[in-house]
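What follows is the content of my_file20.csv (CSV, C-alpha atoms).
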chain,number,residue,atom,x,y,z
A,1,MET,CA,55.2,88.0,60.8
A,2,ALA,CA,54.0,89.1,64.2
A,3,SER,CA,55.9,87.3,66.9
A,4,GLY,CA,54.7,86.0,70.3
A,5,VAL,CA,51.1,85.6,69.2
A,6,LYS,CA,49.2,83.1,71.4
A,7,PRO,CA,45.5,82.7,71.7
A,8,ARG,CA,44.0,81.9,75.0
A,9,VAL,CA,40.4,80.8,75.6
A,10,LYS,CA,38.3,80.0,78.6
A,11,VAL,CA,35.1,78.0,78.1
A,12,PRO,CA,33.4,75.9,80.8
A,13,LYS,CA,33.8,72.2,80.2
A,14,THR,CA,30.1,71.5,81.0
A,15,ALA,CA,26.9,73.4,81.0
A,16,ALA,CA,23.2,72.9,81.4
A,17,ALA,CA,21.0,73.2,78.3
A,18,GLY,CA,19.7,76.7,78.0
A,19,GLU,CA,22.2,78.1,80.5
A,20,ALA,CA,24.1,81.3,79.6
A,21,ILE,CA,27.8,80.6,79.9
A,22,THR,CA,30.6,83.1,79.9
A,23,ILE,CA,33.3,82.7,77.3
A,24,LYS,CA,36.6,84.7,77.6
A,25,THR,CA,39.1,85.0,74.9
A,26,LEU,CA,42.4,86.8,74.7
A,27,ILE,CA,45.1,86.8,72.1
A,28,SER,CA,48.5,88.2,72.8
A,29,HIS,CA,49.3,90.6,69.9
A,30,LYS,CA,51.1,93.9,69.8
A,31,MET,CA,48.4,95.6,67.7
A,32,GLU,CA,50.7,98.1,66.0
A,33,SER,CA,48.4,100.9,65.0
A,34,GLY,CA,50.3,102.2,62.0
A,35,GLN,CA,50.3,105.7,63.5
A,36,ARG,CA,53.5,105.5,65.4
A,37,LYS,CA,57.0,106.4,64.2
A,38,ASP,CA,60.3,104.7,65.1
A,39,ASP,CA,63.4,106.5,66.3
A,40,ASP,CA,64.4,107.5,62.8
A,41,GLY,CA,61.0,109.1,62.0
A,42,ASN,CA,59.8,106.3,59.8
A,43,VAL,CA,56.2,105.1,60.1
A,44,ILE,CA,55.9,101.7,61.8
A,45,PRO,CA,53.6,99.7,59.5
A,46,ARG,CA,50.2,98.7,60.8
A,47,SER,CA,50.0,95.2,62.1
A,48,ILE,CA,46.9,94.3,63.9
A,49,ILE,CA,44.3,91.5,64.3
A,50,ASN,CA,41.6,92.8,62.1
A,51,ARG,CA,38.9,90.2,62.6
A,52,PHE,CA,37.7,87.8,65.3
A,53,THR,CA,35.1,85.1,64.8
A,54,ALA,CA,33.6,82.4,67.0
A,55,ASP,CA,31.7,79.4,65.5
A,56,PHE,CA,29.8,76.7,67.3
A,57,ASN,CA,29.5,73.4,65.5
A,58,GLY,CA,30.2,75.1,62.2
A,59,GLN,CA,27.6,77.9,62.7
A,60,ASN,CA,28.9,81.4,63.1
A,61,VAL,CA,28.1,83.0,66.5
A,62,ILE,CA,30.2,86.1,66.6
A,63,ASP,CA,32.1,88.1,63.9
A,64,VAL,CA,34.0,91.2,65.0
A,65,THR,CA,35.9,93.7,63.0
A,66,LEU,CA,38.8,95.2,64.9
A,67,GLU,CA,40.2,98.7,64.2
A,68,PRO,CA,43.7,100.1,64.8
A,69,ALA,CA,42.7,102.0,68.0
A,70,ILE,CA,42.2,98.7,69.9
A,71,SER,CA,45.1,98.2,72.3
A,72,THR,CA,47.6,95.4,72.8
A,73,ASN,CA,46.3,91.8,73.6
A,74,PRO,CA,42.7,92.2,72.5
A,75,TYR,CA,40.3,90.6,75.0
A,76,PHE,CA,36.7,89.5,74.2
A,77,GLN,CA,34.2,88.2,76.7
A,78,PHE,CA,30.7,87.2,75.7
A,79,GLU,CA,27.8,85.0,76.9
A,80,ALA,CA,26.4,82.2,74.9
A,81,ILE,CA,23.4,79.9,75.4
A,82,VAL,CA,24.5,76.5,74.2
A,83,PRO,CA,21.8,74.2,72.9
A,84,GLU,CA,23.8,71.0,72.6
A,85,SER,CA,27.2,69.5,73.1
A,86,GLY,CA,29.7,70.5,70.6
A,87,GLU,CA,32.8,72.5,69.8
A,88,PHE,CA,33.6,76.2,69.8
A,89,LYS,CA,36.1,77.4,67.3
A,90,PHE,CA,37.7,80.8,67.7
A,91,THR,CA,39.6,82.4,64.8
A,92,TRP,CA,41.7,85.5,64.7
A,93,TYR,CA,42.8,87.1,61.4
A,94,ASP,CA,46.1,89.0,61.3
A,95,ASP,CA,46.9,91.9,58.9
A,96,ASP,CA,49.9,89.9,57.6
A,97,GLY,CA,47.6,87.1,56.5
A,98,ASP,CA,48.2,84.7,59.4
A,99,VAL,CA,45.2,83.0,60.9
A,100,TYR,CA,45.3,81.8,64.4
A,101,ASP,CA,42.6,79.4,65.7
A,102,THR,CA,41.8,77.4,68.7
A,103,SER,CA,38.9,75.1,69.6
A,104,LYS,CA,37.2,74.1,72.9
A,105,LYS,CA,34.7,71.3,73.5
A,106,ILE,CA,31.7,71.7,75.7
A,107,GLU,CA,29.4,69.0,77.2
A,108,VAL,CA,25.8,70.0,77.6
A,109,SER,CA,23.7,67.9,79.9
B,1,MET,CA,48.0,101.8,115.8
B,2,ASN,CA,45.1,104.0,114.9
B,3,LEU,CA,42.5,102.5,112.8
B,4,LYS,CA,43.3,104.1,109.5
B,5,PRO,CA,40.4,105.9,107.8
B,6,TRP,CA,40.6,103.7,104.7
B,7,MET,CA,40.0,100.6,106.7
B,8,THR,CA,36.9,102.0,108.4
B,9,LEU,CA,35.6,103.0,105.0
B,10,ALA,CA,36.3,99.6,103.6
B,11,VAL,CA,34.5,97.9,106.4
B,12,ALA,CA,31.5,100.2,106.2
B,13,GLY,CA,31.3,100.0,102.4
B,14,PHE,CA,31.3,96.2,102.3
B,15,ALA,CA,29.4,95.3,105.5
B,16,GLY,CA,26.4,93.2,104.6
B,17,ALA,CA,27.3,92.8,101.0
B,18,ALA,CA,27.3,89.2,100.0
B,19,PHE,CA,30.3,89.3,97.7
B,20,ALA,CA,32.2,86.1,97.3
B,21,GLN,CA,35.2,88.4,96.7
B,22,ASP,CA,35.2,91.4,99.1
B,23,SER,CA,38.0,93.9,99.5
B,24,SER,CA,39.7,92.2,102.4
B,25,THR,CA,39.9,88.5,101.5
B,26,LEU,CA,41.7,87.4,98.4
B,27,SER,CA,41.5,84.0,96.9
B,28,ILE,CA,43.2,83.3,93.6
B,29,GLU,CA,41.8,80.4,91.6
B,30,GLY,CA,40.1,79.2,94.8
B,31,GLU,CA,43.3,79.3,96.9
B,32,ALA,CA,43.1,81.6,99.9
B,33,MET,CA,45.9,84.2,100.3
B,34,VAL,CA,47.1,85.9,103.4
B,35,THR,CA,46.9,89.6,102.8
B,36,GLU,CA,47.0,90.7,106.4
B,37,THR,CA,49.1,89.4,109.3
B,38,ALA,CA,50.9,90.5,112.4
B,39,ALA,CA,54.1,92.4,111.6
B,40,PRO,CA,57.4,90.6,112.2
B,41,ALA,CA,59.1,91.4,115.5
B,42,HIS,CA,61.8,93.6,113.9
B,43,MET,CA,59.3,96.2,112.7
B,44,GLU,CA,59.0,98.8,115.4
B,45,ASN,CA,56.5,101.2,114.0
B,46,VAL,CA,53.9,98.9,112.4
B,47,ASP,CA,51.6,96.3,114.0
B,48,THR,CA,49.9,94.8,111.0
B,49,ILE,CA,51.2,94.3,107.6
B,50,TYR,CA,49.0,94.3,104.5
B,51,SER,CA,49.6,93.2,101.0
B,52,GLY,CA,49.4,95.9,98.3
B,53,TRP,CA,46.3,94.1,97.0
B,54,ARG,CA,44.4,95.5,99.9
B,55,PHE,CA,45.0,99.1,98.8
B,56,ARG,CA,43.7,98.7,95.3
B,57,SER,CA,40.2,99.4,93.8
B,58,THR,CA,37.6,96.6,93.6
B,59,GLU,CA,38.1,96.3,89.8
B,60,THR,CA,41.9,96.0,90.0
B,61,GLN,CA,41.5,93.5,92.9
B,62,ALA,CA,39.2,91.4,90.8
B,63,LEU,CA,41.7,91.0,88.0
B,64,GLU,CA,44.0,89.1,90.3
B,65,THR,CA,41.5,86.5,91.4
B,66,ASP,CA,41.3,84.6,88.1
B,67,ASP,CA,44.4,83.6,86.2
B,68,PHE,CA,42.6,84.1,82.9
B,69,ASP,CA,41.7,87.7,83.8
B,70,ASN,CA,45.1,88.4,85.2
B,71,PRO,CA,47.0,90.1,82.3
B,72,ALA,CA,50.3,89.0,83.8
B,73,PHE,CA,49.6,85.4,82.6
B,74,VAL,CA,50.3,86.5,79.0
B,75,PHE,CA,53.9,87.0,80.2
B,76,VAL,CA,53.9,83.8,82.3
B,77,ASP,CA,53.1,82.0,79.0
B,78,GLN,CA,56.1,83.7,77.4
B,79,GLY,CA,58.1,82.5,80.4
B,80,ILE,CA,57.0,78.9,79.8
B,81,ASP,CA,58.2,79.2,76.2
B,82,LEU,CA,61.5,80.7,77.3
B,83,PHE,CA,62.0,77.9,79.8
B,84,ASP,CA,62.2,75.4,77.0
B,85,LYS,CA,64.0,77.5,74.6
B,86,VAL,CA,67.6,76.5,73.8
B,87,ASP,CA,70.0,79.5,74.0
B,88,GLY,CA,73.7,80.0,74.2
B,89,THR,CA,76.9,78.1,73.2
B,90,GLU,CA,76.2,75.0,75.4
B,91,GLY,CA,72.9,74.2,73.5
B,92,LYS,CA,70.9,74.1,76.7
B,93,ALA,CA,67.6,75.5,77.8
B,94,CYS,CA,66.5,76.0,81.4
B,95,SER,CA,64.6,72.8,81.1
B,96,SER,CA,67.7,70.8,80.2
B,97,CYS,CA,68.8,70.9,83.9
B,98,HIS,CA,65.6,71.9,85.7
B,99,GLU,CA,63.2,69.3,84.3
B,100,ASN,CA,60.1,70.6,86.0
B,101,VAL,CA,59.5,74.3,86.7
B,102,GLU,CA,57.4,73.3,89.7
B,103,ASP,CA,60.5,72.3,91.5
B,104,PHE,CA,61.1,76.0,92.2
B,105,ALA,CA,58.1,76.0,94.6
B,106,GLY,CA,59.2,77.9,97.7
B,107,LEU,CA,62.2,79.6,96.1
B,108,ARG,CA,60.5,83.0,95.8
B,109,THR,CA,59.8,83.1,99.5
B,110,GLN,CA,63.5,82.9,100.5
B,111,LEU,CA,65.0,85.4,98.1
B,112,PRO,CA,67.1,87.4,98.3
B,113,ARG,CA,69.5,85.2,100.2
B,114,VAL,CA,73.2,85.1,100.9
B,115,GLN,CA,75.3,82.7,98.8
B,116,ASP,CA,79.1,82.6,99.0
B,117,GLY,CA,79.1,85.9,100.9
B,118,GLU,CA,77.0,87.7,98.3
B,119,LEU,CA,73.4,88.7,98.4
B,120,VAL,CA,71.7,87.2,95.4
B,121,THR,CA,68.2,87.7,94.0
B,122,MET,CA,66.2,85.6,91.6
B,123,GLU,CA,67.5,87.7,88.7
B,124,ASN,CA,71.1,86.9,89.8
B,125,LEU,CA,70.4,83.2,89.9
B,126,ILE,CA,68.8,83.2,86.5
B,127,ASN,CA,71.6,85.2,84.9
B,128,ASP,CA,74.2,83.0,86.6
B,129,CYS,CA,72.6,80.0,85.0
B,130,ARG,CA,72.5,81.7,81.7
B,131,THR,CA,76.1,82.9,81.6
B,132,GLU,CA,77.8,80.0,83.3
B,133,ARG,CA,75.8,76.9,82.4
B,134,MET,CA,74.1,77.9,79.1
B,135,GLY,CA,76.9,80.1,77.7
B,136,ALA,CA,74.2,82.7,76.9
B,137,GLU,CA,74.0,86.4,77.4
B,138,ALA,CA,72.7,87.7,80.6
B,139,TRP,CA,69.3,89.2,80.5
B,140,LYS,CA,68.7,92.9,81.4
B,141,TRP,CA,67.3,93.2,84.9
B,142,SER,CA,63.9,94.6,84.1
B,143,LYS,CA,63.4,93.6,80.4
B,144,GLY,CA,60.7,91.3,79.1
B,145,PRO,CA,62.4,87.9,79.2
B,146,MET,CA,63.7,88.4,82.7
B,147,THR,CA,60.4,89.5,84.2
B,148,ALA,CA,58.6,86.8,82.3
B,149,MET,CA,61.0,84.2,83.8
B,150,THR,CA,60.9,85.7,87.4
B,151,ALA,CA,57.1,85.6,87.1
B,152,LEU,CA,57.0,82.0,86.0
B,153,ILE,CA,59.4,80.9,88.8
B,154,GLY,CA,57.8,83.1,91.4
B,155,LEU,CA,54.4,81.7,90.4
B,156,GLN,CA,55.4,78.3,91.6
B,157,SER,CA,55.6,79.7,95.2
B,158,ARG,CA,52.2,81.4,95.0
B,159,GLY,CA,50.3,81.1,98.3
B,160,MET,CA,53.4,80.3,100.3
B,161,PRO,CA,54.4,82.8,103.1
B,162,MET,CA,57.3,85.1,102.6
B,163,ASP,CA,60.2,84.0,104.7
B,164,VAL,CA,63.6,85.4,104.1
B,165,ALA,CA,66.6,84.8,106.4
B,166,ILE,CA,67.8,88.0,108.0
B,167,ASP,CA,70.2,86.6,110.6
B,168,GLY,CA,73.7,85.1,110.2
B,169,ASP,CA,75.4,86.0,106.9
B,170,ALA,CA,72.4,88.1,105.9
B,171,ALA,CA,72.5,90.4,108.9
B,172,PRO,CA,74.9,93.0,107.5
B,173,PHE,CA,72.9,93.2,104.2
B,174,TRP,CA,69.7,93.5,106.1
B,175,GLU,CA,71.1,96.3,108.3
B,176,LYS,CA,72.2,98.1,105.2
B,177,GLY,CA,68.7,97.7,103.7
B,178,LYS,CA,67.1,99.0,106.8
B,179,GLU,CA,69.4,102.1,106.8
B,180,LEU,CA,68.5,102.8,103.2
B,181,TYR,CA,64.8,102.5,104.1
B,182,TYR,CA,65.0,105.2,106.7
B,183,THR,CA,67.4,107.5,105.0
B,184,ARG,CA,66.0,110.6,103.4
B,185,VAL,CA,67.2,111.3,99.9
B,186,GLY,CA,66.4,113.4,96.9
B,187,GLN,CA,65.2,116.9,96.3
B,188,LEU,CA,62.0,116.2,98.3
B,189,ASP,CA,64.1,114.8,101.1
B,190,MET,CA,62.0,111.7,101.7
B,191,SER,CA,62.7,108.2,102.9
B,192,CYS,CA,60.7,105.1,102.0
B,193,SER,CA,59.2,105.1,105.5
B,194,ASN,CA,57.7,108.6,105.1
B,195,CYS,CA,55.2,107.2,102.7
B,196,HIS,CA,55.0,103.5,103.2
B,197,GLU,CA,55.2,103.4,107.0
B,198,ASP,CA,53.9,106.8,108.2
B,199,ASN,CA,51.2,107.3,105.6
B,200,TYR,CA,50.1,104.1,104.1
B,201,GLY,CA,46.4,104.0,103.4
B,202,VAL,CA,46.1,107.7,102.8
B,203,MET,CA,45.9,109.2,99.3
B,204,ILE,CA,49.0,110.5,97.5
B,205,ARG,CA,47.3,112.6,94.8
B,206,ALA,CA,44.9,110.2,93.2
B,207,ASP,CA,46.3,107.0,94.6
B,208,HIS,CA,46.3,105.0,97.8
B,209,LEU,CA,49.7,104.6,99.4
B,210,SER,CA,50.5,101.0,100.2
B,211,GLN,CA,52.9,99.6,102.7
B,212,GLY,CA,55.3,99.0,99.8
B,213,GLN,CA,55.2,95.2,100.2
B,214,ILE,CA,57.0,93.2,97.5
B,215,ASN,CA,55.2,89.8,97.9
B,216,GLY,CA,53.4,90.2,94.5
B,217,PHE,CA,56.4,91.0,92.3
B,218,PRO,CA,57.0,91.0,89.4
B,219,THR,CA,53.7,92.8,89.2
B,220,TYR,CA,51.6,93.7,86.2
B,221,ARG,CA,50.9,97.4,86.3
B,222,LEU,CA,47.9,98.7,84.4
B,223,LYS,CA,49.7,102.0,83.8
B,224,ASN,CA,52.4,100.5,81.6
B,225,ALA,CA,50.8,97.2,80.6
B,226,LYS,CA,53.8,95.0,81.4
B,227,LEU,CA,55.5,93.2,84.2
B,228,ASN,CA,57.5,95.4,86.6
B,229,SER,CA,60.5,94.2,88.5
B,230,ILE,CA,61.1,95.0,92.1
B,231,HIS,CA,64.2,97.1,91.3
B,232,GLY,CA,62.3,98.9,88.5
B,233,ARG,CA,59.6,99.8,91.1
B,234,PHE,CA,62.3,101.1,93.5
B,235,LYS,CA,63.6,103.3,90.6
B,236,GLY,CA,60.1,104.7,90.0
B,237,CYS,CA,59.8,105.6,93.7
B,238,MET,CA,63.1,107.3,93.8
B,239,LYS,CA,62.3,109.3,90.7
B,240,ASN,CA,59.1,110.4,92.3
B,241,ILE,CA,61.0,111.9,95.2
B,242,ARG,CA,63.4,113.5,92.7
B,243,ALA,CA,66.4,111.4,93.8
B,244,THR,CA,68.9,109.8,91.5
B,245,PRO,CA,67.9,106.1,91.5
B,246,PHE,CA,70.5,103.5,92.4
B,247,ALA,CA,71.4,101.0,89.7
B,248,GLU,CA,69.0,98.0,89.1
B,249,GLY,CA,70.8,95.0,90.4
B,250,GLY,CA,73.2,97.1,92.5
B,251,ASP,CA,74.1,96.4,96.1
B,252,GLU,CA,71.8,99.1,97.5
B,253,PHE,CA,68.7,97.8,95.8
B,254,LYS,CA,69.5,94.2,96.6
B,255,ALA,CA,69.9,95.1,100.3
B,256,LEU,CA,66.7,97.1,100.2
B,257,GLU,CA,64.9,94.2,98.5
B,258,LEU,CA,66.0,91.9,101.4
B,259,TYR,CA,64.9,94.4,104.0
B,260,LEU,CA,61.5,94.8,102.3
B,261,ALA,CA,61.0,91.1,101.9
B,262,SER,CA,61.6,90.7,105.6
B,263,ARG,CA,59.0,93.4,106.3
B,264,GLY,CA,56.5,91.1,104.4
B,265,THR,CA,57.2,88.0,106.4
B,266,GLY,CA,54.0,85.9,106.6
B,267,LEU,CA,52.2,87.5,103.6
B,268,SER,CA,51.4,85.1,100.8
B,269,VAL,CA,53.4,85.3,97.6
B,270,GLU,CA,51.0,86.7,95.0
B,271,THR,CA,53.3,86.6,92.0
B,272,PRO,CA,52.3,87.8,89.5
B,273,SER,CA,50.1,90.4,91.0
B,274,VAL,CA,48.0,93.1,89.3
B,275,ARG,CA,48.4,96.7,90.5
B,276,ASN,CA,47.6,100.1,89.0

I need this file expressed as structure tokens, please.
Amino acid sequence: MASGVKPRVKVPKTAAAGEAITIKTLISHKMESGQRKDDDGNVIPRSIINRFTADFNGQNVIDVTLEPAISTNPYFQFEAIVPESGEFKFTWYDDDGDVYDTSKKIEVS
Amino acid sequence: MNLKPWMTLAVAGFAGAAFAQDSSTLSIEGEAMVTETAAPAHMENVDTIYSGWRFRSTETQALETDDFDNPAFVFVDQGIDLFDKVDGTEGKACSSCHENVEDFAGLRTQLPRVQDGELVTMENLINDCRTERMGAEAWKWSKGPMTAMTALIGLQSRGMPMDVAIDGDAAPFWEKGKELYYTRVGQLDMSCSNCHEDNYGVMIRADHLSQGQINGFPTYRLKNAKLNSIHGRFKGCMKNIRATPFAEGGDEFKALELYLASRGTGLSVETPSVRN
């Protein structure tokens, strides 16, 4: 079990229809690559976030595969054009089977 | 004081550019910070003091303007969790006594200070609470939990001007810190002042020398992707001049911390800042 994992997301609370908004996400995770060895020479097993997705009102917007070379605390920033009010759901998938998610509502006027 | 070359460049480079965020004015989450002010009277060789933020590249500067972009806030979040975490034999957390972390507003600006004849820093205060009130083990000076907690507590004072007491009880400690600042040590035979007073603003290899202000500590450094304590930074400096560093939490570094804090009087606390 990876410890200290905490997702953080920044989504504007309101937006105009058709406006491109910037969404920032970050999850604190140590992203152990599986390449390193500990003091006794044993390989430290891989433990990374391997997938990140964003859904808007149940529809998938972004689906990313993460690889071991990605460093600690992976950060994603992307733009989205939001057609209607609704809810973004962000999900991160950990190697150890854990799934972390967080949701943010947005009002479109 | 001569107008340093880097300042002229900065002015020329940004003149006319309509950036909301230029290289000389810092606002964090909309709150304006003082990054430049007149030096306190006790500084004989410097007229104007500048926050270390002013010496960084545009990209590094931008990271500090938004709390989401500031990587140090991952650690502040850890600090918030630690603040409520019960530890030690007394079954207490920080929040058992200190209900609201916001009550620490202003504390960072006055540390280190003299208490019962001893110079104490924020690390001392935290560890005193842990060992005496919580019955918990003291945290190591520059390790993760300690820097996360000093960042969280320091953050409550963000935007307030640095204002340490240097007279009365504090005077002997301050004098000692000043002496250390101007004493040449190590194989390279350099004092703090050789870089941070005589040569700030010029390049040291690939990096800009700052004035060595500590108003943004603990600071997130891009080079090691973690929060760095003030004393940890002192150690780094001393290793660079091939000296044997003093101990973290020792009398020498605490005195130096007081002296440096007094050299930053009037600068806004930027805790937790981002540097390279």

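Residues from chain B that have an atom within 8 Å of chain A, counting only C-alpha atoms, are Phe68, Val74 and Gln78 of chain B.
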
Save the residues we just selected, C-alpha atoms, as a JSON list (two decimals), in the frame of the given file?
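Just written: out_14.json:
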[["chain", "number", "residue", "atom", "x", "y", "z"],
["B", 68, "PHE", "CA", 42.60, 84.10, 82.90],
["B", 74, "VAL", "CA", 50.30, 86.50, 79.00],
["B", 78, "GLN", "CA", 56.10, 83.70, 77.40]]

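For the atom pair formed by atom CA of Met43 of chain B and atom CA of His196 of chain B, the distance is 12.7 Å, given to one decimal.
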
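Interatomic distance, atom CA of Asp63 of chain A to atom CA of Arg51 of chain A: 7.2 Å.
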
Neighbour list for Ala225 of chain B as a ChimeraX atom specification, cut-off 12 Å, only C-alpha atoms, skip fewer than 2 positions in-chain: /A:30,71-73 /B:70-72,74-75,144,219-223,227-228,274-276

Of the listed residues A:Thr14, A:Thr102, A:Thr53, A:Ser47, that which approaches Val82 of chain A most closely, counting all atoms listed in the file: A:Thr14

Exercise: segment 83-93 of chain B partners within 9 Å, all atoms listed in the file, chain neighbours under 3 positions left out, as a VMD selection string: chain B and resid 78 to 80 96 to 98 101 130 to 131 133 to 137 149 152

Atomic distance atom CA of Phe76 of chain A - atom CA of Ala32 of chain B, expressed in Å with one decimal: 27.6 Å

Best match for closeness to Gly86 of chain A among A:Val99, A:Ala69, A:Thr22, A:Ala17, counting all atoms listed in the file: A:Ala17

Nearest residue to Arg113 of chain B from the set B:Ala261, B:Met160, B:Val269, B:Val34 (distances using all atoms listed in the file): B:Ala261

10 Å contact set for segment 106-108 of chain A, only C-alpha atoms, chain neighbours under 6 positions out, as a PyMOL selection string: chain A and resi 11-19+56+82-88

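Residues lying within 8 Å of Glu248 of chain B, counting all atoms listed in the file and ignoring same-chain neighbours fewer than 4 positions away, are Trp141, Ser142, His231, Gly232, Lys235 and Phe253 of chain B.
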
Non-local contacts of Asp198 of chain B (12 Å; all atoms listed in the file; under 2 positions in same chain excluded) as a PyMOL selection string: chain B and resi 1-2+4+44-46+182+190-196+200-202+209-212

Nearest to Arg46 of chain A by atom-to-atom distance, counting all atoms listed in the file, from A:His29, A:Asp95, A:Val61, A:Gln77: A:Asp95
